[in-house]
Amino acid sequence: MAKRGAFIVIEGLDRSGKTTQTGRLLEQLEQRDRPVQLFKFPDRTTAIGKMIDGYLRSQSDLDDRAIHLLFSANRWEIASTITNLLASGTTVLADRYAFSGIAFSASKVTAGLTYEWCRSPEIGLPAPDLTVFLDIDPEKARERGGYGDERYEKEEVQKRVRGVFDRIGKEMGSRAGESESGGRWVTVDAGHEKDIVQGIIWRLVEPLMNGVENPLMRLWE
Ligand code: NYM
């Protein structure tokens with residue numbers, strides 16, 4: 001039977017170099033024979049994505065639970081496309097995913113959303129085979145030219161977000177780096193030079209390039 005495509009997620013704190021690294025990885029993947037498709041979350045082009053975009057730019061205000069569910073719905077509206085692409089042998093690369101959804105919402109101090117509540121709407125999404133988390137000390141990230149103007153782009157928020165990502169990583173990695181239904185989670189120090197980070201990511205991704213034999217799992221199911 002033909003192997004399915006691999007599902008690779010790149011997560012990271014703001015200013016961790018995530019966009020640069022995702023772009024470089026996409027280029028490397030495109031040089032291979034296998035088809036590859038990139039998804040970026042939030043996908044700001046859909047109707048839901050436009051609401052998210054307005055919220056992130058502070059053009060609109062939304063209830064903390066409502067925006068959390070919109071971020072999640074923005075993944076669910078693409079979930080079946082991802083599943084079908086993987087089945088047809090396409091490698092799928094995602095710039096952020098459910099883990100950002102949990103980390104950013106659970107970090108909102110005044111909202112009081114629990115980790116479990118934030119995770120709940122993400123349960124059942126297609127599970128990545130590999131998640132690379134680009135970790136950077138928020139102080140170092142700030143020195144890289146400052147945060148932008150969008151919501152959450154502040155050092156104290158990033159510190160809390162980093163704490164939640166750490167929790168997710170520990171939970172995912174609790175079975176010797178291979179969680180039952182969440183795939184492999186690898187934290188990479190994004191404080192290194194760009195080329196070094198790129199090399200580390202490629203070594204993790206390359207073994208998945210010939211496709212994956214095991215069936216696609218669903219997150220936390
Ligand atoms: N973000 C992203 C969330 O709060 N929840 C989510 O589910 C996702 C996918 O949106 N600061 C936040 C993290 C970022 C912001 O992401 C936009 P980007 O990668 O800067 O476009």
# chains A, B, ... in the order shown; residues from 1 in each chain; ligands from 1
call {"tool": "residues_near_ligand", "arguments": {"ligand": "ligand 1", "cutoff": "10 Å", "atoms": "only C-alpha atoms and all ligand atoms", "output": "PyMOL selection string"}}
result
chain A and resi 11-15+18-19+40-44+52-53+55-57+67-75+94-108+118+122+147-154+157-158+161
call {"tool": "select_by_dssp", "arguments": {"residues": "segment 12-78 of chain A", "states": "strand (DSSP E)", "output": "ChimeraX atom specification"}}
result
/A:12,36-40
call {"tool": "closest_residue", "arguments": {"among": "A:Val205, A:Ile48, A:Ala66, A:Val164", "to": "Glu116 of chain A", "atoms": "only C-alpha atoms"}}
result
A:Val164
call {"tool": "atom_distance", "arguments": {"atom1": "atom CA of Gln198 of chain A", "atom2": "atom CA of Phe133 of chain A"}}
result
12.7 Å
call {"tool": "closest_residue", "arguments": {"among": "A:Arg203, A:His192, A:Arg119, A:Arg32", "to": "Ile136 of chain A", "atoms": "only C-alpha atoms"}}
result
A:His192
call {"tool": "closest_residue", "arguments": {"among": "A:Asp135, A:Asp129, A:Glu77, A:Asp63", "to": "Asn214 of chain A", "atoms": "only C-alpha atoms"}}
result
A:Asp129
call {"tool": "atom_distance", "arguments": {"atom1": "atom CA of Ser88 of chain A", "atom2": "atom CA of Leu25 of chain A"}}
result
20.7 Å
call {"tool": "closest_atom_pairs", "arguments": {"of": "segment 61-82 of chain A", "to": "segment 90-93 of chain A", "cutoff": "12 Å", "atoms": "only C-alpha atoms", "output": "CSV"}}
result
residue,atom,partner,partner_atom,distance
A:Ile78,CA,A:Val92,CA,11.8
A:Ala79,CA,A:Val92,CA,11.4
A:Thr81,CA,A:Val92,CA,10.2
A:Ile82,CA,A:Val92,CA,7.0
call {"tool": "residues_around", "arguments": {"residues": "Glu206 of chain A", "least_positions_apart": "3", "cutoff": "12 Å", "atoms": "only C-alpha atoms", "output": "PyMOL selection string"}}
result
chain A and resi 6+8+25+28-29+32+91+130+198-203+209-212
call {"tool": "atom_distance", "arguments": {"atom1": "atom CA of Thr131 of chain A", "atom2": "atom CA of Lys194 of chain A"}}
result
18.4 Å
call {"tool": "select_by_dssp", "arguments": {"residues": "chain A", "states": "alpha helix (DSSP H)", "output": "PyMOL selection string"}}
result
chain A and resi 18-30+47-56+64-87+98-106+115-119+138-143+155-172+194-205
call {"tool": "closest_residue", "arguments": {"among": "A:Pro207, A:Gly169, A:Gly89, A:Gly163", "to": "Val132 of chain A", "atoms": "only C-alpha atoms"}}
result
A:Gly169
